[in-house]
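> So here's structure.txt (compact mmCIF, C-alpha atoms and all ligand atoms).
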```
# COMPACT_ATOMS: atom_id res chain seq x y z
CA MET Z 9 121.99 88.27 105.31
CA THR Z 10 118.86 86.41 106.30
CA ARG Z 11 115.57 86.97 104.61
CA LEU Z 12 111.94 86.74 105.42
CA GLY Z 13 110.67 88.49 102.35
CA GLY Z 14 112.23 90.36 99.47
CA ALA Z 15 114.93 92.95 99.78
CA LEU Z 16 116.16 95.90 97.82
CA PRO Z 17 119.84 96.34 97.21
CA MET Z 18 121.50 98.70 99.63
CA ALA Z 19 122.39 101.23 96.97
CA VAL Z 20 118.75 101.81 96.18
CA LEU Z 21 117.81 102.02 99.80
CA GLY Z 22 120.55 104.61 100.08
CA LEU Z 23 118.89 106.64 97.37
CA ALA Z 24 115.49 106.24 98.95
CA MET Z 25 116.87 107.38 102.23
CA ALA Z 26 118.64 110.31 100.72
CA LEU Z 27 115.30 111.50 99.48
CA ALA Z 28 113.49 110.62 102.68
CA ALA Z 29 115.97 112.27 104.97
CA GLY Z 30 116.46 115.19 102.62
CA CYS Z 31 118.99 117.92 103.17
CA ALA Z 32 119.11 117.91 106.95
CA ARG Z 33 118.61 121.62 107.33
CA GLU Z 34 116.47 121.40 110.44
CA PRO Z 35 117.96 119.37 113.31
CA PRO Z 36 117.47 117.19 115.21
CA VAL Z 37 116.89 114.04 113.17
CA HIS Z 38 117.43 110.80 115.10
CA SER Z 39 118.10 107.85 112.90
CA ARG Z 40 119.50 104.30 112.99
CA GLN Z 41 119.94 101.41 110.60
CA PHE Z 42 119.96 97.68 111.30
CA LEU Z 43 119.30 94.44 109.48
CA ALA Z 44 115.99 92.62 109.83
CA PHE Z 45 113.69 90.73 107.46
CA GLY Z 46 116.69 90.25 105.19
CA THR Z 47 116.98 93.93 104.51
CA LEU Z 48 118.31 97.17 105.87
CA VAL Z 49 115.78 98.85 108.12
CA GLU Z 50 116.10 102.55 108.85
CA VAL Z 51 114.16 104.27 111.61
CA THR Z 52 114.11 108.06 111.49
CA ILE Z 53 112.48 110.26 114.08
CA TYR Z 54 112.14 113.92 113.37
CA GLY Z 55 112.48 116.27 116.28
CA GLY Z 56 112.14 115.64 119.98
CA GLU Z 57 114.55 114.83 122.70
CA GLU Z 58 117.63 112.69 121.96
CA GLN Z 59 117.31 110.16 124.78
CA ARG Z 60 113.62 109.55 124.24
CA ALA Z 61 114.19 109.03 120.54
CA ARG Z 62 117.07 106.63 121.19
CA GLN Z 63 114.98 104.54 123.57
CA ALA Z 64 112.13 104.41 121.11
CA ILE Z 65 114.48 103.30 118.33
CA ASP Z 66 115.89 100.62 120.67
CA ALA Z 67 112.37 99.30 121.19
CA VAL Z 68 111.69 99.30 117.44
CA GLU Z 69 114.93 97.48 116.71
CA GLN Z 70 114.25 94.81 119.32
CA GLU Z 71 110.76 94.32 118.02
CA PHE Z 72 112.06 93.87 114.47
CA HIS Z 73 114.55 91.22 115.55
CA TYR Z 74 111.78 89.44 117.45
CA MET Z 75 109.38 89.52 114.50
CA HIS Z 76 112.11 88.36 112.16
CA ARG Z 77 112.78 85.26 114.28
CA THR Z 78 109.13 84.55 115.03
CA TRP Z 79 107.72 84.82 111.52
CA HIS Z 80 110.59 83.37 109.57
CA ALA Z 81 109.30 81.22 106.73
CA TRP Z 82 111.93 78.51 106.84
CA ARG Z 83 114.03 78.83 110.00
CA PRO Z 84 112.88 77.19 113.23
CA GLY Z 85 110.59 79.51 115.19
CA ALA Z 86 106.96 80.07 116.09
CA LEU Z 87 105.80 80.02 112.47
CA GLY Z 88 107.85 76.90 111.75
CA ARG Z 89 106.03 75.09 114.55
CA VAL Z 90 102.66 76.29 113.26
CA ASN Z 91 103.53 75.02 109.79
CA ALA Z 92 104.59 71.61 111.05
CA LEU Z 93 101.30 71.27 112.96
CA LEU Z 94 99.15 72.53 110.08
CA ALA Z 95 100.42 69.58 108.05
CA THR Z 96 98.80 67.17 110.53
CA THR Z 97 95.32 68.69 109.95
CA GLU Z 98 94.73 68.28 113.73
CA TRP Z 99 93.77 71.09 116.15
CA PHE Z 100 96.60 72.77 118.09
CA SER Z 101 97.24 75.94 120.11
CA VAL Z 102 98.55 78.64 117.83
CA ALA Z 103 101.30 80.95 119.08
CA PRO Z 104 99.91 84.38 120.07
CA SER Z 105 102.71 85.96 118.05
CA VAL Z 106 101.41 84.31 114.89
CA ARG Z 107 97.64 84.39 115.35
CA PRO Z 108 97.01 88.05 114.43
CA LEU Z 109 98.98 87.65 111.20
CA ILE Z 110 96.82 84.70 110.24
CA VAL Z 111 93.67 86.73 110.87
CA ARG Z 112 94.78 89.79 108.88
CA ALA Z 113 96.37 87.72 106.11
CA SER Z 114 93.14 85.73 105.69
CA GLU Z 115 91.13 88.94 105.24
CA LEU Z 116 93.59 90.39 102.76
CA SER Z 117 93.86 87.12 100.86
CA ALA Z 118 90.08 86.92 100.50
CA ALA Z 119 89.89 90.56 99.35
CA SER Z 120 92.58 89.87 96.73
CA GLY Z 121 90.65 86.94 95.29
CA GLY Z 122 93.43 84.64 96.47
CA LEU Z 123 96.15 86.37 94.42
CA PHE Z 124 97.83 87.27 97.70
CA ASN Z 125 97.96 83.77 99.11
CA PRO Z 126 100.32 83.22 102.07
CA ALA Z 127 99.24 79.55 102.23
CA ILE Z 128 101.52 78.68 99.29
CA GLY Z 129 104.68 78.21 101.36
CA ARG Z 130 105.31 74.83 99.75
CA LEU Z 131 105.23 76.39 96.30
CA VAL Z 132 107.70 79.10 97.33
CA GLU Z 133 109.95 76.39 98.75
CA LEU Z 134 109.64 74.30 95.58
CA TRP Z 135 110.96 77.26 93.59
CA GLY Z 136 113.98 77.42 95.90
CA PHE Z 137 113.19 80.70 97.63
CA HIS Z 138 113.28 79.26 101.15
CA GLN Z 139 117.00 79.89 101.49
CA ASP Z 140 119.19 82.91 101.98
CA GLU Z 141 121.16 82.34 98.78
CA ARG Z 142 119.86 82.98 95.31
CA PRO Z 143 118.54 79.68 93.90
CA ALA Z 144 120.58 78.24 91.03
CA GLY Z 145 117.63 76.65 89.22
CA PRO Z 146 116.47 74.69 87.32
CA PRO Z 147 112.78 75.49 87.79
CA PRO Z 148 110.88 72.78 89.64
CA ASP Z 149 109.48 69.67 88.02
CA PRO Z 150 106.11 70.64 86.47
CA ARG Z 151 104.56 67.50 87.96
CA GLN Z 152 105.38 68.68 91.48
CA ILE Z 153 103.83 72.07 90.72
CA ALA Z 154 100.74 70.41 89.25
CA GLU Z 155 100.39 68.24 92.35
CA LEU Z 156 100.45 71.31 94.61
CA LEU Z 157 97.99 73.21 92.43
CA GLU Z 158 95.71 70.20 92.63
CA GLN Z 159 95.74 70.45 96.44
CA ALA Z 160 95.04 74.21 96.15
CA PRO Z 161 96.18 75.42 99.59
CA GLY Z 162 94.49 78.66 100.64
CA MET Z 163 93.81 80.72 103.76
CA GLY Z 164 90.20 79.53 103.58
CA ASP Z 165 91.43 76.07 104.55
CA LEU Z 166 92.29 77.35 108.03
CA GLU Z 167 89.89 77.12 110.95
CA LEU Z 168 90.52 79.34 113.96
CA ASP Z 169 88.66 78.80 117.18
CA GLY Z 170 90.02 81.13 119.86
CA ILE Z 171 93.63 80.11 120.17
CA ARG Z 172 93.03 76.76 118.48
CA LEU Z 173 93.93 76.38 114.85
CA ARG Z 174 93.85 73.67 112.25
CA SER Z 175 94.09 73.32 108.52
CA ARG Z 176 91.58 71.22 106.66
CA ASN Z 177 94.14 70.98 103.87
CA PRO Z 178 97.49 69.28 104.63
CA ALA Z 179 99.17 71.25 101.82
CA VAL Z 180 98.88 74.60 103.62
CA ARG Z 181 102.23 76.11 104.69
CA LEU Z 182 102.27 79.73 105.74
CA ASP Z 183 104.82 82.10 104.20
CA PHE Z 184 104.23 85.69 105.25
CA GLY Z 185 107.03 87.04 103.06
CA ALA Z 186 104.57 89.13 101.06
CA PHE Z 187 103.13 91.05 103.99
CA ALA Z 188 105.13 90.54 107.21
CA LYS Z 189 107.28 93.57 106.51
CA GLY Z 190 104.17 95.71 106.19
CA TYR Z 191 102.62 94.17 109.25
CA GLY Z 192 105.85 94.64 111.19
CA ILE Z 193 106.19 98.27 110.16
CA ASP Z 194 102.59 98.91 111.31
CA ARG Z 195 103.39 97.36 114.65
CA THR Z 196 106.54 99.37 115.20
CA ILE Z 197 104.90 102.63 114.08
CA GLU Z 198 102.30 101.89 116.76
CA LEU Z 199 105.13 101.42 119.23
CA LEU Z 200 106.52 104.86 118.37
CA ARG Z 201 103.08 106.43 118.70
CA GLN Z 202 102.59 104.91 122.12
CA ARG Z 203 105.78 106.69 123.11
CA GLY Z 204 104.38 109.99 121.95
CA ILE Z 205 106.43 110.19 118.75
CA GLU Z 206 104.52 111.94 116.00
CA ASN Z 207 107.00 112.50 113.17
CA ALA Z 208 108.83 109.41 112.00
CA ILE Z 209 109.53 107.07 109.14
CA ILE Z 210 110.31 103.36 109.21
CA ASN Z 211 111.89 102.26 105.96
CA ALA Z 212 112.66 98.58 105.32
CA GLY Z 213 114.54 98.27 102.04
CA GLY Z 214 112.51 100.99 100.35
CA ASP Z 215 109.14 99.84 101.77
CA LEU Z 216 108.00 102.21 104.44
CA ARG Z 217 105.42 103.91 106.56
CA ALA Z 218 105.68 107.55 107.55
CA ILE Z 219 103.79 109.52 110.16
CA GLY Z 220 103.72 113.27 110.56
CA ARG Z 221 106.10 115.48 108.65
CA HIS Z 222 109.78 116.09 108.15
CA GLY Z 223 109.81 119.53 109.73
CA GLU Z 224 108.29 122.09 107.42
CA ARG Z 225 107.92 119.69 104.53
CA PRO Z 226 106.46 116.25 103.81
CA TRP Z 227 108.63 113.11 103.58
CA ARG Z 228 109.99 112.56 100.07
CA ILE Z 229 110.19 108.96 98.93
CA GLY Z 230 112.02 107.37 96.01
CA VAL Z 231 110.59 104.49 93.97
CA ARG Z 232 113.22 102.26 92.44
CA ASP Z 233 113.58 101.85 88.69
CA PRO Z 234 112.83 98.13 88.18
CA ARG Z 235 115.34 97.89 85.32
CA GLY Z 236 118.00 100.33 86.38
CA PRO Z 237 120.23 101.16 89.30
CA GLY Z 238 118.50 104.41 90.29
CA ILE Z 239 115.16 105.89 91.05
CA LEU Z 240 112.24 105.86 88.62
CA ALA Z 241 110.08 108.35 90.44
CA SER Z 242 109.56 110.19 93.66
CA LEU Z 243 106.51 111.06 95.67
CA GLU Z 244 105.67 112.85 98.87
CA VAL Z 245 103.94 111.40 101.88
CA GLU Z 246 102.48 113.29 104.75
CA GLY Z 247 100.25 112.40 107.66
CA ASP Z 248 100.18 108.64 107.90
CA GLU Z 249 100.90 106.64 104.77
CA SER Z 250 102.71 103.51 103.67
CA VAL Z 251 104.47 103.03 100.35
CA PHE Z 252 105.21 99.45 99.27
CA THR Z 253 106.72 98.11 96.07
CA SER Z 254 106.82 94.54 94.78
CA GLY Z 255 109.40 93.91 92.08
CA ASP Z 256 110.70 91.00 90.03
CA TYR Z 257 114.27 92.20 90.70
CA GLU Z 258 114.19 91.55 94.43
CA ARG Z 259 114.73 87.79 94.38
CA TYR Z 260 115.19 85.78 91.22
CA PHE Z 261 117.39 83.39 89.31
CA GLU Z 262 118.08 82.99 85.64
CA TYR Z 263 118.01 79.65 83.95
CA GLY Z 264 118.22 78.99 80.23
CA GLY Z 265 118.03 82.73 79.60
CA VAL Z 266 114.72 83.09 81.50
CA ARG Z 267 114.25 85.09 84.71
CA TYR Z 268 112.34 83.22 87.40
CA HIS Z 269 111.42 85.55 90.22
CA HIS Z 270 109.83 85.16 93.64
CA ILE Z 271 106.31 86.50 93.14
CA LEU Z 272 104.27 83.45 92.24
CA ASP Z 273 100.87 83.24 90.62
CA PRO Z 274 98.94 80.82 92.85
CA ARG Z 275 96.76 79.85 89.84
CA THR Z 276 99.63 78.66 87.65
CA GLY Z 277 102.33 77.93 90.21
CA GLN Z 278 104.71 80.01 88.05
CA PRO Z 279 106.35 83.41 88.60
CA ALA Z 280 103.75 86.01 87.59
CA ARG Z 281 104.55 87.35 84.11
CA GLY Z 282 104.19 90.70 82.38
CA VAL Z 283 104.98 93.07 85.26
CA THR Z 284 108.27 94.29 86.69
CA SER Z 285 107.06 96.37 89.61
CA VAL Z 286 103.97 97.59 91.44
CA THR Z 287 103.95 100.46 93.92
CA VAL Z 288 101.02 101.02 96.26
CA ILE Z 289 100.28 103.85 98.68
CA HIS Z 290 97.85 103.07 101.47
CA ASP Z 291 97.45 103.95 105.11
CA GLU Z 292 97.97 100.46 106.57
CA GLY Z 293 101.38 98.93 105.76
CA ALA Z 294 100.17 95.31 105.91
CA ALA Z 295 97.47 95.99 103.32
CA ALA Z 296 99.86 98.00 101.11
CA ASP Z 297 102.38 95.15 101.19
CA ALA Z 298 99.79 92.44 100.46
CA ALA Z 299 98.23 94.57 97.71
CA ALA Z 300 101.55 95.29 95.95
CA THR Z 301 102.08 91.52 95.70
CA ALA Z 302 98.48 90.79 94.67
CA LEU Z 303 98.43 93.52 91.98
CA PHE Z 304 101.72 92.25 90.63
CA VAL Z 305 100.08 88.84 90.17
CA ALA Z 306 96.89 90.41 88.77
CA GLY Z 307 98.94 91.99 85.97
CA VAL Z 308 98.23 94.75 83.45
CA GLU Z 309 94.72 93.50 82.67
CA HIS Z 310 93.30 93.05 86.15
CA TRP Z 311 95.18 95.21 88.67
CA ARG Z 312 92.42 97.78 88.85
CA ASP Z 313 89.75 95.20 89.76
CA ILE Z 314 91.89 93.82 92.56
CA ALA Z 315 92.88 97.31 93.78
CA ARG Z 316 89.19 98.20 94.03
CA ALA Z 317 88.39 94.98 95.84
CA MET Z 318 91.19 95.68 98.32
CA GLY Z 319 90.25 99.34 98.80
CA ILE Z 320 93.55 100.64 97.39
CA LYS Z 321 93.47 104.20 96.04
CA PHE Z 322 97.00 104.76 94.66
CA VAL Z 323 98.78 102.36 92.29
CA MET Z 324 101.66 102.55 89.84
CA LEU Z 325 102.47 99.46 87.76
CA VAL Z 326 105.43 99.04 85.40
CA ASP Z 327 105.05 96.35 82.76
CA ALA Z 328 107.75 94.22 81.19
CA SER Z 329 108.26 96.72 78.34
CA GLY Z 330 108.73 99.66 80.73
CA GLN Z 331 105.25 101.08 80.15
CA VAL Z 332 103.90 102.70 83.31
CA TYR Z 333 100.23 102.49 84.32
CA MET Z 334 98.74 104.64 87.05
CA ASN Z 335 95.32 105.64 88.27
CA PRO Z 336 94.77 109.43 88.13
CA ALA Z 337 95.15 109.90 91.89
CA MET Z 338 98.58 108.25 91.76
CA ALA Z 339 99.56 110.18 88.64
CA GLY Z 340 98.91 113.38 90.59
CA ARG Z 341 101.55 112.40 93.14
CA ILE Z 342 104.30 110.82 91.03
CA ARG Z 343 107.25 112.80 89.72
CA PHE Z 344 109.55 111.01 87.30
CA GLU Z 345 113.20 111.47 88.14
CA GLY Z 346 115.03 110.33 84.99
CA GLU Z 347 115.99 112.63 82.12
CA GLU Z 348 113.47 110.96 79.85
CA PRO Z 349 110.18 110.06 81.52
CA PRO Z 350 108.84 106.58 80.67
CA PRO Z 351 105.72 106.07 78.56
CA VAL Z 352 102.75 106.49 80.90
CA THR Z 353 99.13 105.43 80.67
CA VAL Z 354 96.83 107.13 83.15
CA THR Z 355 93.81 104.86 83.52
CA GLU Z 356 90.29 105.65 84.65
CA ALA Z 357 89.81 106.39 88.32
CA LEU Z 358 89.78 103.46 90.73
P1 LIG Z 401 106.69 90.84 98.05
O1 LIG Z 401 108.11 91.18 97.81
O2 LIG Z 401 106.03 91.60 99.16
O3 LIG Z 401 105.85 90.89 96.78
O4 LIG Z 401 106.62 89.34 98.58
C1 LIG Z 401 107.16 88.25 97.85
C2 LIG Z 401 107.34 87.07 98.77
O5 LIG Z 401 106.06 86.59 99.20
C3 LIG Z 401 108.01 85.88 98.10
O6 LIG Z 401 109.40 85.89 98.36
C4 LIG Z 401 107.32 84.69 98.74
O7 LIG Z 401 107.92 84.40 99.98
C5 LIG Z 401 105.92 85.19 99.00
N1 LIG Z 401 104.98 85.03 97.87
C6 LIG Z 401 105.26 84.82 96.55
N2 LIG Z 401 104.12 84.83 95.81
C7 LIG Z 401 103.11 85.08 96.69
C8 LIG Z 401 101.68 85.22 96.54
N3 LIG Z 401 101.08 85.13 95.35
N4 LIG Z 401 100.96 85.46 97.67
C9 LIG Z 401 101.55 85.55 98.88
N5 LIG Z 401 102.86 85.42 99.07
C10 LIG Z 401 103.65 85.19 98.00
MG MG Z 402 104.16 92.45 99.40
```
What would you get if you wrote out this structure as structure tokens?
Ligand code: AMP
Ligand code: MG

Amino acid sequence: MTRLGGALPMAVLGLAMALAAGCAREPPVHSRQFLAFGTLVEVTIYGGEEQRARQAIDAVEQEFHYMHRTWHAWRPGALGRVNALLATTEWFSVAPSVRPLIVRASELSAASGGLFNPAIGRLVELWGFHQDERPAGPPPDPRQIAELLEQAPGMGDLELDGIRLRSRNPAVRLDFGAFAKGYGIDRTIELLRQRGIENAIINAGGDLRAIGRHGERPWRIGVRDPRGPGILASLEVEGDESVFTSGDYERYFEYGGVRYHHILDPRTGQPARGVTSVTVIHDEGAAADAAATALFVAGVEHWRDIARAMGIKFVMLVDASGQVYMNPAMAGRIRFEGEEPPPVTVTEAL
């Protein structure tokens, strides 16, 4: 399996899908699964004509494979070329397939106060996450981390002038693993809409965007239990909404009894501590994806400030002890699925 970002184990996706697809009482539901972005993607279209749905799903699948190749963080491709040229600090023509991601990622990074920072590709690589296999450890040499932190790569180092791009900082390497899935889902939902499809869900390893309804009822979505095999909670989406979760269980290694996971705090160069998962609901998938990562880094103390700054209205955060934090709007939508609900703190409104 190849990866661009994180992935949820298939079993959990299966659960999520079981909830999303529901008991298929009302046909027809057109659906297909394929691998992209290192995870299982499922496209489901509710209602409509079979052939039209199949053609639309073909288009979505092709687009996913294209995006996967083009935005891959460590395989040769359009982003790989951009990264090699950024290191020179000279001007170059940026690929049109990469440019819009740079623009949106820069906005989201600024809004997150740099906690979502896709310019830290070298740091992600240093930790061993630029490979398909799970890294074996040990954690990187602290001096190498310190050196990178000193250079402080950020999206603000990039200068875009039409199709010309350069980095003022030679340490910038782009890794869109924290938001490409969201961006890609937005793009493919758009593709469905252009084909007149109004009721659909695109689910990539449990991260998804839904439009319309599942027949008479809304789409039901499962949120994975960060420390168990099943589902922690469920929620309903209707209209046009994205649900994205960042978790420390997606990619990690253990070394000397410590778990080192893939969501890095750009301020310390270390895996962000204290949180096991963050779930965000938002209309735009790219922003939901970036925000889930940024709020994970922000942690128990600061997630609300960053959510406000990013315009996010629904958040659920699970800390390392299993304590759940939610803003009231999110609490109104979450239903816990286990026999014993976890301890929950409902915070002040966002
Ligand atoms: P996600 O699962 O969406 O939280 O994305 C995690 C992935 O994004 C990691 O595998 C890295 O490739 C990358 N990443 C890690 N930390 C950050 C960060 N603070 N900002 C942006 N991207 C990050
Ligand atoms: Mg993310």
> I'd like to know which of Z:Ser254, Z:Asn211, Z:Gln63, Z:Ser285 is closest to ligand LIG 401 (chain Z), using all atoms listed in the file.
Z:Ser254
> Of the residues Z:Val283, Z:Asp169, Z:Arg142, Z:Glu309, which is the one nearest to Tyr263 of chain Z, using only C-alpha atoms?
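Result for the nearest residue to Tyr263 of chain Z: Z:Arg142.
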> Check every protein, DNA and RNA residue against ligand LIG 401 (chain Z), keep those with an atom at most 6 Å away (counting only C-alpha atoms and all ligand atoms), and present them as number ranges by chain.
Z: 13-14, 123-126, 132, 183, 185-187, 254, 270-274, 297, 301
> Next, dump the selected residues to file, keeping only C-alpha atoms, as a short mmCIF file (atom, residue, chain, number, x, y, z; two decimals), keeping the file's coordinate frame.

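File produced: result-v3.cif:
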```cif
data_model
loop_
_atom_site.label_atom_id
_atom_site.label_comp_id
_atom_site.auth_asym_id
_atom_site.auth_seq_id
_atom_site.Cartn_x
_atom_site.Cartn_y
_atom_site.Cartn_z
CA GLY Z 13 110.67 88.49 102.35
CA GLY Z 14 112.23 90.36 99.47
CA LEU Z 123 96.15 86.37 94.42
CA PHE Z 124 97.83 87.27 97.70
CA ASN Z 125 97.96 83.77 99.11
CA PRO Z 126 100.32 83.22 102.07
CA VAL Z 132 107.70 79.10 97.33
CA ASP Z 183 104.82 82.10 104.20
CA GLY Z 185 107.03 87.04 103.06
CA ALA Z 186 104.57 89.13 101.06
CA PHE Z 187 103.13 91.05 103.99
CA SER Z 254 106.82 94.54 94.78
CA HIS Z 270 109.83 85.16 93.64
CA ILE Z 271 106.31 86.50 93.14
CA LEU Z 272 104.27 83.45 92.24
CA ASP Z 273 100.87 83.24 90.62
CA PRO Z 274 98.94 80.82 92.85
CA ASP Z 297 102.38 95.15 101.19
CA THR Z 301 102.08 91.52 95.70
#
```
> Show which residues sit within 8 Å of Glu50 of chain Z, as a PyMOL selection string. Count all atoms listed in the file, and ignore same-chain residues fewer than 3 positions away.
chain Z and resi 39-42+209-212
> Select, from Z:Ala295, Z:Pro351, Z:Gly346, Z:Val305, the residue with the minimum atom-to-atom distance to Ala119 of chain Z, counting all atoms listed in the file.
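Smallest distance to Ala119 of chain Z is found for Z:Ala295.
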> Given all atoms listed in the file as the basis, pick out the residue of Z:Leu134, Z:Ala357, Z:Ala294, Z:Ala337 nearest to Arg316 of chain Z.
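Going through Z:Leu134, Z:Ala357, Z:Ala294, Z:Ala337 one by one, the smallest distance to Arg316 of chain Z is for Z:Ala357.
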> One number please: atom CA of Arg77 of chain Z to atom CA of Ala44 of chain Z, in Å, one decimal.
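Computed distance, atom CA of Arg77 of chain Z to atom CA of Ala44 of chain Z, equals 9.2 Å.
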> Of the candidates Z:Glu158, Z:Glu115, Z:Glu133, Z:Glu57, which one gets nearest to His38 of chain Z if we count all atoms listed in the file?
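Of Z:Glu158, Z:Glu115, Z:Glu133, Z:Glu57, the one nearest His38 of chain Z is Z:Glu57, counting all atoms listed in the file.
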> Each side padded by 3 Å, which centre and which edge lengths in Å (one decimal) define the axis-aligned box around the listed atoms of segment 43-59 of chain Z? Give them as lines of an AutoDock Vina configuration file.

```
center_x = 115.7
center_y = 103.3
center_z = 114.6
size_x = 13.2
size_y = 32.0
size_z = 26.3
```
> Please report the interatomic distance between atom CA of Ala113 of chain Z and atom CA of Val231 of chain Z in Å with one decimal.
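Going from atom CA of Ala113 of chain Z over to atom CA of Val231 of chain Z covers 25.1 Å.
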> Using all atoms listed in the file, which of the listed residues (Z:Ala160, Z:Arg176, Z:Pro143, Z:Tyr191) sits closest to Phe45 of chain Z?
Z:Tyr191
> Expressed in Å to a single decimal, how great is the separation between atom CA of Gly265 of chain Z and atom CA of Leu156 of chain Z?
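Interatomic distance here is 25.8 Å.
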> List every protein, DNA or RNA residue with an atom no more than 7 Å from (113.6, 100.8, 102.7) in the file's coordinates, counting only C-alpha atoms, and format the result as a list in words.
Leu21, Ala24, Leu48, Val49, Glu50, Asn211, Ala212, Gly213, Gly214, Asp215 and Leu216 of chain Z
> Need the neighbours of (99.6, 109.5, 86.4): which residues are at most 9 Å away, counting all atoms listed in the file, as a ChimeraX atom specification?
/Z:324,332-343,352-355
> Please list as a PyMOL selection string every residue within 12 Å of Glu58 of chain Z, counting all atoms listed in the file and excluding residues in the same chain fewer than 6 positions away.
chain Z and resi 35-39+52+64-65+205
> Return segment 200-206 of chain Z, completed with all heavy atoms, as a PDB file, in the frame of the given file.

```
ATOM      1  N   LEU Z 200     106.029 103.472 118.302  1.00  0.00           N
ATOM      2  CA  LEU Z 200     106.520 104.860 118.370  1.00  0.00           C
ATOM      3  C   LEU Z 200     105.414 105.790 118.860  1.00  0.00           C
ATOM      4  O   LEU Z 200     105.641 106.664 119.690  1.00  0.00           O
ATOM      5  CB  LEU Z 200     107.017 105.319 116.989  1.00  0.00           C
ATOM      6  CG  LEU Z 200     108.279 104.650 116.452  1.00  0.00           C
ATOM      7  CD1 LEU Z 200     108.633 105.221 115.076  1.00  0.00           C
ATOM      8  CD2 LEU Z 200     109.452 104.852 117.406  1.00  0.00           C
ATOM      9  N   ARG Z 201     104.218 105.565 118.313  1.00  0.00           N
ATOM     10  CA  ARG Z 201     103.080 106.430 118.700  1.00  0.00           C
ATOM     11  C   ARG Z 201     102.785 106.328 120.186  1.00  0.00           C
ATOM     12  O   ARG Z 201     102.500 107.334 120.836  1.00  0.00           O
ATOM     13  CB  ARG Z 201     101.852 106.001 117.918  1.00  0.00           C
ATOM     14  CG  ARG Z 201     101.832 106.526 116.513  1.00  0.00           C
ATOM     15  CD  ARG Z 201     100.389 106.783 116.154  1.00  0.00           C
ATOM     16  NE  ARG Z 201     100.271 107.419 114.863  1.00  0.00           N
ATOM     17  CZ  ARG Z 201      99.828 106.800 113.787  1.00  0.00           C
ATOM     18  NH1 ARG Z 201      99.495 105.517 113.842  1.00  0.00           N
ATOM     19  NH2 ARG Z 201      99.722 107.447 112.660  1.00  0.00           N
ATOM     20  N   GLN Z 202     102.845 105.093 120.698  1.00  0.00           N
ATOM     21  CA  GLN Z 202     102.590 104.910 122.120  1.00  0.00           C
ATOM     22  C   GLN Z 202     103.598 105.678 122.964  1.00  0.00           C
ATOM     23  O   GLN Z 202     103.339 106.016 124.111  1.00  0.00           O
ATOM     24  CB  GLN Z 202     102.656 103.417 122.483  1.00  0.00           C
ATOM     25  CG  GLN Z 202     101.411 102.659 122.070  1.00  0.00           C
ATOM     26  CD  GLN Z 202     101.623 101.158 122.069  1.00  0.00           C
ATOM     27  OE1 GLN Z 202     102.699 100.659 122.407  1.00  0.00           O
ATOM     28  NE2 GLN Z 202     100.597 100.429 121.680  1.00  0.00           N
ATOM     29  N   ARG Z 203     104.754 105.931 122.391  1.00  0.00           N
ATOM     30  CA  ARG Z 203     105.780 106.690 123.110  1.00  0.00           C
ATOM     31  C   ARG Z 203     105.698 108.184 122.798  1.00  0.00           C
ATOM     32  O   ARG Z 203     106.629 108.932 123.085  1.00  0.00           O
ATOM     33  CB  ARG Z 203     107.162 106.143 122.741  1.00  0.00           C
ATOM     34  CG  ARG Z 203     107.414 104.793 123.356  1.00  0.00           C
ATOM     35  CD  ARG Z 203     108.580 104.077 122.725  1.00  0.00           C
ATOM     36  NE  ARG Z 203     108.846 102.823 123.403  1.00  0.00           N
ATOM     37  CZ  ARG Z 203     109.756 102.665 124.361  1.00  0.00           C
ATOM     38  NH1 ARG Z 203     110.504 103.677 124.739  1.00  0.00           N
ATOM     39  NH2 ARG Z 203     109.912 101.497 124.946  1.00  0.00           N
ATOM     40  N   GLY Z 204     104.612 108.564 122.188  1.00  0.00           N
ATOM     41  CA  GLY Z 204     104.380 109.990 121.950  1.00  0.00           C
ATOM     42  C   GLY Z 204     105.146 110.554 120.764  1.00  0.00           C
ATOM     43  O   GLY Z 204     105.257 111.770 120.621  1.00  0.00           O
ATOM     44  N   ILE Z 205     105.678 109.692 119.913  1.00  0.00           N
ATOM     45  CA  ILE Z 205     106.430 110.190 118.750  1.00  0.00           C
ATOM     46  C   ILE Z 205     105.478 110.396 117.581  1.00  0.00           C
ATOM     47  O   ILE Z 205     104.713 109.495 117.229  1.00  0.00           O
ATOM     48  CB  ILE Z 205     107.580 109.219 118.420  1.00  0.00           C
ATOM     49  CG1 ILE Z 205     108.635 109.404 119.504  1.00  0.00           C
ATOM     50  CG2 ILE Z 205     108.160 109.475 117.031  1.00  0.00           C
ATOM     51  CD1 ILE Z 205     109.577 108.310 119.681  1.00  0.00           C
ATOM     52  N   GLU Z 206     105.519 111.574 117.000  1.00  0.00           N
ATOM     53  CA  GLU Z 206     104.520 111.940 116.000  1.00  0.00           C
ATOM     54  C   GLU Z 206     105.075 112.085 114.597  1.00  0.00           C
ATOM     55  O   GLU Z 206     104.326 112.026 113.624  1.00  0.00           O
ATOM     56  CB  GLU Z 206     103.832 113.249 116.402  1.00  0.00           C
ATOM     57  CG  GLU Z 206     102.812 113.021 117.495  1.00  0.00           C
ATOM     58  CD  GLU Z 206     102.404 114.306 118.185  1.00  0.00           C
ATOM     59  OE1 GLU Z 206     102.847 115.382 117.737  1.00  0.00           O
ATOM     60  OE2 GLU Z 206     101.662 114.220 119.173  1.00  0.00           O
TER      61      GLU Z 206
END
```
